Structures are given as C-alpha cells and as structure tokens.
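Undergrad: Before we start, here is the structure in question, set down as structure tokens.
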Amino acid sequence: MAALESALTYLAANADRFWKALGIHLELAAASLAVAAAVCIPLGIWAARSPAAGNWAMNVIEALRVVPSLAVLILVFPYLGFGARTAMVALSILASPPILVNTYVAYRNIDPAVLEAAVGMGMTPGQILRWIETPLAAPVVMAGIRTAASEVVASATLAAFIGGGGLGEFIVNGLAMNNVGLLLVGGIPVALLALLAEGLLSIPEYVVRRRIR
Amino acid sequence: MTHLEPAIVLDRVSKTFPGAARPAVSECSLTVGAGELVVLLGSSGSGKTTLLKMINRLYEPTSGTIYVNGQDVRAVSAVELRRRIGYVIQQVGLFPHQTVAQNIATVPRILGWDRKRIEERCDFLLELMQLPPEQFRDRRPRQLSGGQQQRVGIARALAADPPILLMDEPFGALDAITRETLQDELLRIQAQFQKTILFVTHDVDEALKLADRIAVMKDGRIEQVGTAIELLHRPATPFVRQLLGADDWLQRLSVVPVRRAMNAEPEVAAASSAQPLPAEASLRDALEALLRSDLKPVPIVDRRGRRVGVVRWEDVRAAAGDPFGQVVSP
Ligand SMILES: Nc1ncnc2c1ncn2[C@@H]1O[C@H](COP(=O)(O)OP(=O)(O)OP(=O)(O)O)[C@@H](O)[C@H]1O
Ligand SMILES: [Mg+2]
C-alpha cells in the first residue's frame with residue numbers, strides 16, 4: 001500500500017515526465033508495429049504463394065519465436081548502439097513473427113473453390129488479392145497484429161535499458177534505487193497498455209470477422 | 001444445332017498432370033455448335049472437369065488445341081477469355097464475405113457496368129433462379145441452403161450474359177424436385193437466349209433430358225458423341241450401352257423429351273387425327289400416345305399450340321435401343 005501511495009505521490013509531482021515517457025513508449029510501440037506490419041504482411045502473402053519455401057520459412061520463424069525479447073535487444077545492441085533506433089529495430093523484429101505467421105496462414109487457408117471461381121470468372125491476380133483474398137484473410141492477419149501489439153507494448157519497457165526512453169525508465173530507475181513505488185509508476189501503465197492494446201484491437205477484428213462468418 | 005457455326009472446338013486435346021501415370025484427358029475431340037447444349041457424361045474421375053477447365057484455361061492442355069469462337073484460346077489473354085465464358089464450378093465457390101447481390105455482380109463490376117444496370121441485372125437473374133430478390137439480395141452465402149447457393153452460382157455465371165456457359169455438375173446438391181425445376185429453367189434459358197452450354201454431369205437421366213448431344217467419357221477418353229437417341233439406339237461401346245442402361249429402356253424413354261425424336265413435318269401433323277402431345281412430353285408419353293392411336297403418327301405441338309411435327313413408332317422404337325431385338329440375343 002505504501003508503495004502505491006509513493007507511486008501516486010511521485011506521479012503527482014512528476015506528471016510532465018510521466019506523460020512524456022508514456023508518449024515515447026506509445027510512439028516506439030506504434031512505429032515498431034507499423035514497420036513490422038509493412039514488412040511482414042507482404043512477406044507473408046508472398047510466402048503463402050510459394051508453398052515449399054513458405055512452409056520451410058514459417059517453421060524457422062516459429063522456432064525463433066522462443067527467443068526472448070531481452071535477447072533480441074542484446075543481439076541488436078552491439079550493431080546499433082544506444083538509443084530509440086536500436087529499440088525500434090529490436091521491437092520490430094519482435095513484432096514480426098505473429099504478423100508473418102498469421103498472414104501466411106490466413107492467405108494459405110482460403111477456400112480453393114472460392115479462388116477457382118474468382119480466377120474462372122476472369123479476375124486479375126490484383127483484383128483477387130484486393131476483393132477476395134484480403135477481406136477473407138483480414139481477421140486472422142488482424143489477430144496477428146493484436147498479438148504483436150501487446151507484446152511490443154510490454155517489451156518497449158526494455159528500451160529504457162539502452163537509453164531508448166519510455167515507461168521502462170521508471171522501472172530501470174526503480175530497480176536501481178530499490179524504489180518499489182517508482183517501479184509501479186512504470187509497471188502498472190505498461191500492464192494496462194498491454195491489456196488495452198489487446199482489447200482495442202479486438203474490436204476491428206471482430207467487425208471484419210462478423211462480416212465473413 | 002450442329003449445323004450452326006462451332007462455338008467451341010476441341011482438337012485432340014490431352015492433359016497429363018505432373019507426376020500422373022496416365023493422362024486425365026486423352027486425345028479428346030469435340031465440336032459444340034453455337035446455341036447447342038452438349039453434356040459431358042461420365043463416371044467420377046473420367047476427366048470431365050479437367051476437360052472443362054482447359055476451355056477457360058484454368059488448366060493448359062499437354063497437347064492439342066482448343067478454339068472458342070474460331071479463335072485459339074492461347075491467342076487471347078486468359079482473363080479476357082474467362083470474362084466471355086460463364087463458369088459454374090462443381091463446388092459452387094461463392095464469395096463468403098459478399099452478399100448474394102455482390103457475388104452476382106462480380107463480372108459486371110469488372111466490366112465497369114453502371115450501378116443501376118448491375119442492380120437490375122441482379123434482380124432479373126434472382127427472379128430467373130426463383131429466388132425473390134427482396135428476400136435474397138442482401139443475404140450472405142452461409143445464410144443459403146446448398147441448393148440456393150448453387151442457384152446463386154448459376155446466376156453469377158450468367159451475370160454478364162456470356163454467350164458460352166461451362167457448367168460443372170451445377171445441380172449436384174439439389175433435391176430431385178428443385179433439380180427438375182432448374183433443369184426445365186435451364187432448357188428455357190438456353191432456348192430463349194441461345195446460349196452455348198457445355199454441361200458436366202454423371203447423372204444419365206439429366207444428360208438424356210438436357211442434351212442436344214451427349215459426349216460419353218471414360219478414363220479420359222470420349223467414347224461416343226451423339227444425340228440421346230443415337231446413343232440409346234446405337235451405343236458405340238459396351239460401356240456406353242451399360243452406362244445408358246439399355247436394359248432399363250422404359251425408364252430412359254421417360255426422360256428423353258419427345259422433341260428430340262420429332263420429325264419436322266407440319267403437314268403430316270396437321271393431317272393426323274391422333275391426340276397431339278406437347279413438345280416437352282417424354283418419349284414414354286409418346287409411346288403411350290402411339291399405342292392409343294394404333295401406331296399412327298402422333299402430332300407434336302409447341303408452347304403456342306402449333307402443330308410442328310410428328311413422332312412415329314419407328315422413332316420411339318429406335319430410341320428404345322431396339323429392346324425387342326435385345327431380348328432375343330442374350
Ligand atoms: N489438379 C489435379 N492434379 C492432379 N491430378 C488431377 C487434378 N485434377 C484432377 N486430377 C485427376 O485427373 C483425373 C480426372 O479428374 P476430373 O476431376 O477431371 O474427373 P471428373 O470426371 O470431373 O470426376 P468427378 O465426377 O468426380 O468430378 C482423376 O484421376 C483426378 O485424380
Ligand atoms: Mg468433376
């Protein structure tokens with residue numbers, strides 16, 4: 001209880017710092033997520049088109065998923081040094097597997113009869129991608145983005161270890177100063193954000209899913 | 001029918017799938033005249049679907065040439081070709097995320113029709129398929145029964161009014177009654193709009209009822225091509241004889257429309273004193289009428305009541321595959 005109280009006291013006194021850290025945290029998470037999506041969605045679609053290579057690649061990625069986020073950060077760090085950029089690269093890598101795997105699975109699992117009908121009626125590959133495949137794959141792709149989002153929001157905490165800022169700063173400082181209150185100033189919002197990301201992103205997913213089934 | 005200019009010509013077409021021991025389609029030649037309804041009849045795995053899919057280039061033949069409206073299909077872009085050929089696939093394949101109306105609008109939308117024209121066309125086709133537009137337009141495929149889905153699939157294939165239709169077992173999932181209604185509907189559409197139709201089925205009765213001509217397939221080959229009556233009368237191979245069930249000739253007669261055996265002799269029809277038959281009646285009905293008229297020629301009347309021709313005892317007897325000869329030779 002005392003810890004919570006001291007957290008609130010700190011928050012009241014350092015509101016500016018808190019909001020700034022929150023902003024950086026969200027920015028970092030959103031940017032990483034956007035980069036991962038921009039790279040992995042096209043990659044996943046492409047992989048779904050080349051069955052042999054696709055399957056092989058997905059198995060490798062599934063295996064790599066067990067590498068913890070801290071390890072990714074440590075692996076990237078020697079090459080890119082301190083700062084938000086390094087954190088973003090690490091977080092993008094972290095966000096990639098769920099998006100990539102879900103995109104691959106979603107585009108792979110479209111009913112072949114539906115595709116045959118589309119081709120047979122004279123749709124071009126581009127029209128099939130836009131009008132048929134993407135709307136049908138959307139819910140699963142979005143589920144991947146949702147999983148990635150909550151992982152990234154939580155892992156963005158680690159950015160502070162390499163000077164990338166964000167809510168992780170409070171945690172790093174709290175640990176260093178053995179100050180549980182300060183720890184909570186970072187920890188509670190991060191936990192809430194992860195839940196929020198999960199919850200908010202499930203809304204559009206639900207909407208597209210309902211349109212299909 | 002066959003004297004019309006050919007809409008589809010298959011010239012010694014073969015297809016061997018990669019890694020397959022035997023060709024799925026082997027040296028098939030077939031000509032479908034404009035406005036003709038030809039049925040590909042054969043058991044499962046005989047290559048009917050494969051043959052059909054080569055016409056709209058879903059598969060490329062291993063050898064041989066296919067012409068559509070006189071043009072080698074490889075000479076035009078596959079996409080352009082497919083937009084001119086209505087295609088009803090065996091598994092229906094409606095787009096699950098689109099409404100019935102959007103499904104039907106697929107090709108018109110690609111072709112850039114304006115919205116009003118698309119809507120009108122869509123409602124017209126739903127009516128044609130006996131699906132009240134107000135009720136079905138905005139439904140999703142999952143809200144339809146199997147038979148309703150098949151009907152939407154047919155409407156979708158007809159949407160841009162293609163002169164040629166490829167239909168792969170389009171009535172497979174239907175109960176007997178709906179099936180018959182739609183068969184009648186298809187015959188009506190074909191007669192009214194002069195569609196060229198290549199229709200796949202493994203149902204012999206359906207083939208006998210619908211076909212101007214039937215191509216019987218077995219193991220990737222076309223065993224025989226001919227009218228229902230030719231096939232029943234002179235099966236080229238034991239397989240054709242067995243498939244058409246020459247033994248069950250009375251049943252066969254009850255599905256072949258009498259107009260297929262009709263002689264276009266209006267003067268004879270006008271002079272006949274026998275009770276006339278509608279053109280849609282079956283050969284079995286004709287047999288009955290002949291027996292009642294003491295085997296005198298029976299006049300046939302069209303939908304408007306005009307006497308267009310006659311059917312004679314020999315015609316029905318020929319269609320029966322000469323059953324009385326068969327009894328003697330075991
Ligand atoms: N895409 C494919 N790849 C490999 N083999 C195939 C393919 N499609 C069909 N075949 C084979 O070709 C043969 C003919 O198949 P096809 O689908 O044309 O038969 P069908 O007459 O349409 O049968 P059904 O009445 O069951 O639909 C079969 O032996 C089948 O296994
Ligand atoms: Mg088939």
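Scheme for the structure tokens: letters A, B, ... for chains in order shown; per-chain residue numbers from 1; ligand numbers from 1 in order shown.
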Based on only C-alpha atoms, which of the residues in chain A come within 9 Å of chain B? I want them as an NGL selection string.
TA: :A and (111-124 or 127 or 132 or 135-136 or 211-213)
Undergrad: Output N, CA and C atoms for every residue in the selection just made, as a tab-separated table (two decimals), in the first residue's frame.
TA:
chain	number	residue	atom	x	y	z
A	111	ASP	N	-10.37	-20.89	-49.06
A	111	ASP	CA	-11.04	-21.99	-49.76
A	111	ASP	C	-10.64	-22.01	-51.24
A	112	PRO	N	-10.02	-23.09	-51.71
A	112	PRO	CA	-9.58	-23.15	-53.10
A	112	PRO	C	-10.75	-22.99	-54.08
A	113	ALA	N	-11.94	-23.43	-53.69
A	113	ALA	CA	-13.10	-23.29	-54.58
A	113	ALA	C	-13.41	-21.82	-54.81
A	114	VAL	N	-13.26	-21.01	-53.78
A	114	VAL	CA	-13.51	-19.58	-53.89
A	114	VAL	C	-12.49	-18.96	-54.85
A	115	LEU	N	-11.25	-19.37	-54.71
A	115	LEU	CA	-10.22	-18.83	-55.60
A	115	LEU	C	-10.44	-19.28	-57.04
A	116	GLU	N	-10.84	-20.55	-57.19
A	116	GLU	CA	-11.07	-21.05	-58.54
A	116	GLU	C	-12.20	-20.30	-59.22
A	117	ALA	N	-13.25	-20.04	-58.45
A	117	ALA	CA	-14.37	-19.28	-59.01
A	117	ALA	C	-13.89	-17.89	-59.43
A	118	ALA	N	-13.08	-17.27	-58.60
A	118	ALA	CA	-12.59	-15.93	-58.90
A	118	ALA	C	-11.74	-15.93	-60.17
A	119	VAL	N	-10.82	-16.86	-60.26
A	119	VAL	CA	-9.97	-16.95	-61.44
A	119	VAL	C	-10.83	-17.27	-62.67
A	120	GLY	N	-11.75	-18.22	-62.49
A	120	GLY	CA	-12.57	-18.68	-63.60
A	120	GLY	C	-13.47	-17.60	-64.16
A	121	MET	N	-13.78	-16.58	-63.34
A	121	MET	CA	-14.65	-15.51	-63.84
A	121	MET	C	-13.85	-14.40	-64.50
A	122	GLY	N	-12.53	-14.54	-64.50
A	122	GLY	CA	-11.72	-13.56	-65.21
A	122	GLY	C	-11.24	-12.40	-64.35
A	123	MET	N	-11.09	-12.64	-63.05
A	123	MET	CA	-10.48	-11.60	-62.21
A	123	MET	C	-8.97	-11.66	-62.41
A	124	THR	N	-8.33	-10.49	-62.37
A	124	THR	CA	-6.87	-10.46	-62.44
A	124	THR	C	-6.32	-10.80	-61.05
A	127	GLN	N	-7.03	-8.04	-58.62
A	127	GLN	CA	-8.43	-7.97	-58.17
A	127	GLN	C	-8.72	-9.07	-57.16
A	132	ILE	N	-10.98	-10.41	-52.90
A	132	ILE	CA	-11.32	-11.73	-52.36
A	132	ILE	C	-10.38	-12.13	-51.21
A	135	PRO	N	-9.92	-9.41	-47.92
A	135	PRO	CA	-11.05	-9.38	-46.97
A	135	PRO	C	-11.22	-10.70	-46.22
A	136	LEU	N	-10.95	-11.81	-46.90
A	136	LEU	CA	-11.13	-13.10	-46.23
A	136	LEU	C	-10.02	-13.37	-45.22
A	211	ARG	N	-18.34	-9.94	-40.55
A	211	ARG	CA	-18.77	-9.76	-41.93
A	211	ARG	C	-18.57	-11.03	-42.74
A	212	ILE	N	-17.66	-11.87	-42.30
A	212	ILE	CA	-17.34	-13.05	-43.09
A	212	ILE	C	-18.16	-14.26	-42.68
A	213	ARG	N	-18.26	-14.53	-41.38
A	213	ARG	CA	-18.93	-15.76	-40.97
A	213	ARG	C	-20.36	-15.53	-40.56
Undergrad: As a ChimeraX atom specification, please: all residues of range 46-169 of chain B that backbone DSSP puts in strand (DSSP E).
TA: /B:63-68,71-72,85-88,164-168
Undergrad: Nearest residue to ligand 2 out of B:Arg109, B:His202, B:Arg121, B:Arg179, using only C-alpha atoms and all ligand atoms?
TA: B:His202
Undergrad: May I ask you to write as a VMD selection string all residues lying at most 9 Å from ligand 1, with only C-alpha atoms and all ligand atoms counted?
TA: chain B and resid 15 to 20 22 to 25 40 to 53 59 90 168 to 169 200 to 202 217 to 220
Undergrad: For the residues in that selection, give me N, CA, C and O atoms as a short mmCIF file (atom, residue, chain, number, x, y, z; two decimals), in the first residue's frame.
TA:
data_model
loop_
_atom_site.label_atom_id
_atom_site.label_comp_id
_atom_site.auth_asym_id
_atom_site.auth_seq_id
_atom_site.Cartn_x
_atom_site.Cartn_y
_atom_site.Cartn_z
N LYS B 15 -4.42 -34.01 -71.54
CA LYS B 15 -3.84 -33.38 -70.36
C LYS B 15 -3.29 -34.45 -69.43
O LYS B 15 -4.02 -35.37 -69.03
N THR B 16 -2.01 -34.38 -69.17
CA THR B 16 -1.40 -35.27 -68.18
C THR B 16 -0.91 -34.38 -67.03
O THR B 16 -0.12 -33.47 -67.26
N PHE B 17 -1.41 -34.62 -65.84
CA PHE B 17 -0.95 -33.82 -64.71
C PHE B 17 0.47 -34.23 -64.35
O PHE B 17 0.83 -35.40 -64.52
N PRO B 18 1.26 -33.28 -63.84
CA PRO B 18 2.64 -33.61 -63.48
C PRO B 18 2.66 -34.79 -62.50
O PRO B 18 1.92 -34.81 -61.53
N GLY B 19 3.48 -35.77 -62.83
CA GLY B 19 3.63 -36.92 -61.93
C GLY B 19 2.56 -37.99 -62.08
O GLY B 19 2.64 -39.03 -61.45
N ALA B 20 1.54 -37.71 -62.91
CA ALA B 20 0.47 -38.72 -63.07
C ALA B 20 0.92 -39.80 -64.06
O ALA B 20 1.64 -39.51 -65.02
N ARG B 22 -1.17 -41.76 -65.86
CA ARG B 22 -2.00 -41.77 -67.05
C ARG B 22 -2.53 -40.37 -67.32
O ARG B 22 -2.71 -39.59 -66.39
N PRO B 23 -2.81 -40.07 -68.57
CA PRO B 23 -3.42 -38.77 -68.83
C PRO B 23 -4.83 -38.69 -68.23
O PRO B 23 -5.57 -39.68 -68.26
N ALA B 24 -5.19 -37.52 -67.67
CA ALA B 24 -6.54 -37.33 -67.14
C ALA B 24 -7.52 -37.13 -68.29
O ALA B 24 -8.69 -37.49 -68.19
N VAL B 25 -7.01 -36.52 -69.37
CA VAL B 25 -7.81 -36.36 -70.59
C VAL B 25 -6.92 -36.77 -71.74
O VAL B 25 -5.75 -36.40 -71.80
N LEU B 40 -21.32 -33.46 -71.07
CA LEU B 40 -20.23 -34.40 -70.85
C LEU B 40 -20.69 -35.36 -69.77
O LEU B 40 -20.92 -34.95 -68.63
N LEU B 41 -20.84 -36.62 -70.14
CA LEU B 41 -21.38 -37.61 -69.21
C LEU B 41 -20.30 -38.66 -68.94
O LEU B 41 -19.68 -39.17 -69.88
N GLY B 42 -20.07 -38.96 -67.68
CA GLY B 42 -19.07 -39.98 -67.36
C GLY B 42 -18.99 -40.17 -65.87
O GLY B 42 -19.45 -39.31 -65.11
N SER B 43 -18.38 -41.28 -65.46
CA SER B 43 -18.32 -41.54 -64.03
C SER B 43 -17.25 -40.67 -63.38
O SER B 43 -16.51 -39.97 -64.06
N SER B 44 -17.17 -40.76 -62.08
CA SER B 44 -16.22 -39.95 -61.33
C SER B 44 -14.79 -40.25 -61.76
O SER B 44 -14.43 -41.40 -61.92
N GLY B 45 -14.03 -39.20 -61.97
CA GLY B 45 -12.62 -39.38 -62.35
C GLY B 45 -12.41 -39.62 -63.83
O GLY B 45 -11.30 -39.90 -64.26
N SER B 46 -13.45 -39.49 -64.64
CA SER B 46 -13.29 -39.76 -66.07
C SER B 46 -12.68 -38.58 -66.82
O SER B 46 -12.41 -38.68 -68.02
N GLY B 47 -12.49 -37.46 -66.14
CA GLY B 47 -11.81 -36.33 -66.78
C GLY B 47 -12.72 -35.21 -67.25
O GLY B 47 -12.28 -34.30 -67.95
N LYS B 48 -13.98 -35.24 -66.81
CA LYS B 48 -14.94 -34.23 -67.26
C LYS B 48 -14.52 -32.82 -66.82
O LYS B 48 -14.47 -31.89 -67.63
N THR B 49 -14.23 -32.68 -65.53
CA THR B 49 -13.85 -31.37 -65.00
C THR B 49 -12.55 -30.88 -65.65
O THR B 49 -12.43 -29.71 -66.03
N THR B 50 -11.60 -31.79 -65.78
CA THR B 50 -10.32 -31.41 -66.38
C THR B 50 -10.53 -30.88 -67.79
O THR B 50 -9.98 -29.85 -68.18
N LEU B 51 -11.36 -31.56 -68.56
CA LEU B 51 -11.63 -31.14 -69.93
C LEU B 51 -12.27 -29.74 -69.95
O LEU B 51 -11.88 -28.86 -70.70
N LEU B 52 -13.24 -29.56 -69.05
CA LEU B 52 -13.94 -28.29 -68.97
C LEU B 52 -12.98 -27.14 -68.63
O LEU B 52 -13.01 -26.08 -69.24
N LYS B 53 -12.09 -27.40 -67.67
CA LYS B 53 -11.20 -26.34 -67.19
C LYS B 53 -10.14 -25.96 -68.21
O LYS B 53 -9.50 -24.93 -68.08
N TYR B 59 -6.67 -24.91 -66.73
CA TYR B 59 -5.57 -25.83 -67.00
C TYR B 59 -5.12 -25.62 -68.43
O TYR B 59 -5.93 -25.31 -69.29
N GLN B 90 -17.92 -26.88 -59.79
CA GLN B 90 -18.56 -28.01 -59.12
C GLN B 90 -18.81 -27.71 -57.63
O GLN B 90 -19.82 -28.09 -57.09
N ASP B 168 -20.29 -27.19 -64.38
CA ASP B 168 -19.75 -28.43 -63.84
C ASP B 168 -20.67 -28.96 -62.74
O ASP B 168 -20.65 -28.47 -61.62
N GLU B 169 -21.47 -29.93 -63.06
CA GLU B 169 -22.45 -30.51 -62.14
C GLU B 169 -23.18 -29.43 -61.33
O GLU B 169 -23.17 -29.46 -60.11
N VAL B 200 -21.57 -30.57 -67.49
CA VAL B 200 -20.99 -31.81 -66.98
C VAL B 200 -21.94 -32.47 -65.99
O VAL B 200 -22.51 -31.80 -65.12
N THR B 201 -22.11 -33.77 -66.13
CA THR B 201 -22.90 -34.49 -65.13
C THR B 201 -22.49 -35.96 -65.12
O THR B 201 -21.87 -36.44 -66.06
N HIS B 202 -22.80 -36.65 -64.03
CA HIS B 202 -22.66 -38.11 -64.09
C HIS B 202 -24.04 -38.76 -63.98
O HIS B 202 -24.16 -39.97 -63.84
N MET B 217 -17.79 -39.92 -71.57
CA MET B 217 -16.37 -40.01 -71.24
C MET B 217 -16.07 -41.20 -70.35
O MET B 217 -16.84 -41.55 -69.47
N LYS B 218 -14.92 -41.81 -70.62
CA LYS B 218 -14.44 -42.90 -69.77
C LYS B 218 -12.92 -42.85 -69.77
O LYS B 218 -12.31 -42.79 -70.84
N ASP B 219 -12.32 -42.88 -68.61
CA ASP B 219 -10.86 -42.88 -68.47
C ASP B 219 -10.19 -41.82 -69.34
O ASP B 219 -9.18 -42.09 -69.99
N GLY B 220 -10.75 -40.63 -69.37
CA GLY B 220 -10.12 -39.53 -70.09
C GLY B 220 -10.40 -39.50 -71.58
O GLY B 220 -9.97 -38.58 -72.27
#
Undergrad: Would you kindly return, as a list in words, each protein, DNA or RNA residue with an atom no farther than 7 Å from any atom of range 183-192 of chain A, considering only C-alpha atoms and excluding same-chain residues fewer than 4 positions away?
TA: Ala7, Val153, Ala154, Leu167, Gly168, Phe170, Ile171, Gly174, Leu175, Asn179 and Leu196 of chain A
Undergrad: List as a PDB file with C-alpha atoms, in the first residue's frame the protein and nucleic acid residues near Ala228 in chain B, meaning an atom at most 7 Å away when only C-alpha atoms are counted, but skip any in the same chain fewer than 3 places from it.
TA:
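And here's selection.pdb as it stands now:
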ATOM      1  CA  LEU B 208     -30.808 -37.522 -71.584  1.00  0.00           C
ATOM      2  CA  ARG B 213     -25.868 -34.109 -77.829  1.00  0.00           C
ATOM      3  CA  ILE B 214     -24.077 -36.200 -75.240  1.00  0.00           C
ATOM      4  CA  LEU B 231     -26.644 -43.281 -78.045  1.00  0.00           C
ATOM      5  CA  LEU B 232     -29.592 -45.345 -76.905  1.00  0.00           C
TER       6      LEU B 232
END
Undergrad: Mind checking which residues fall within 7 Å of range 48-52 of chain A, counting only C-alpha atoms, ignoring those fewer than 6 positions away in the same chain, and posting them as a list of chain:residue names?
TA: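 Residues meeting the cut-off are A:Tyr104, A:Tyr107, A:Arg108.
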Undergrad: Could you turn the residues from that selection into a file that holds N, CA and C atoms, as a short mmCIF file (atom, residue, chain, number, x, y, z; two decimals), in the first residue's frame?
TA:
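Okay, this is what ended up in again.cif:
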data_model
loop_
_atom_site.label_atom_id
_atom_site.label_comp_id
_atom_site.auth_asym_id
_atom_site.auth_seq_id
_atom_site.Cartn_x
_atom_site.Cartn_y
_atom_site.Cartn_z
N TYR A 104 0.61 -15.50 -43.31
CA TYR A 104 0.86 -16.70 -44.12
C TYR A 104 -0.29 -17.69 -44.00
N TYR A 107 -3.70 -16.36 -45.67
CA TYR A 107 -3.77 -16.38 -47.13
C TYR A 107 -3.66 -17.80 -47.67
N ARG A 108 -3.02 -18.66 -46.89
CA ARG A 108 -2.86 -20.04 -47.29
C ARG A 108 -4.20 -20.79 -47.22
#
Undergrad: Work out how far apart CA of Asn14 in chain A and CA of Ala197 in chain A are and give it in Å to one decimal.
TA: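 The value is 25.1 Å.
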Undergrad: Expressed in Å to a single decimal, how great is the separation between CA of Tyr206 in chain A and CA of Gly146 in chain B?
TA: 26.7 Å
Undergrad: Considering only C-alpha atoms, return as a PyMOL selection string whatever protein or nucleic-acid residues lie within 8 Å of Ala29 in chain A, sequence-local ones (same chain, fewer than 4 positions apart) excluded.
TA: chain A and resi 25+33+88+91+149+152-153+156
Undergrad: Of the residues B:Val308, B:Phe199, B:Leu253, B:Ala318, which is the one nearest to ligand 2, using only C-alpha atoms and all ligand atoms?
TA: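 Closest candidate: B:Phe199.
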Undergrad: Could you work out how far CA of Pro98 in chain A lies from CA of Pro42 in chain A, giving the answer in Å with one decimal?
TA: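 Result for CA of Pro42 in chain A versus CA of Pro98 in chain A: 13.7 Å, one decimal.
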Undergrad: Name all residues at most 7 Å from range 286-303 of chain B (count only C-alpha atoms; drop same-chain ones fewer than 2 positions away) and give them as a VMD selection string.
TA: chain B and resid 258 269 272 274 to 279 282 to 284 305 to 313 316
Undergrad: From a DSSP pass on the backbone, collect the residues of range 67-175 of chain B flagged as alpha helix (DSSP H) and hand them back as a ChimeraX atom specification.
TA: /B:78-83,100-104,106-110,115-128,133-136,146-158
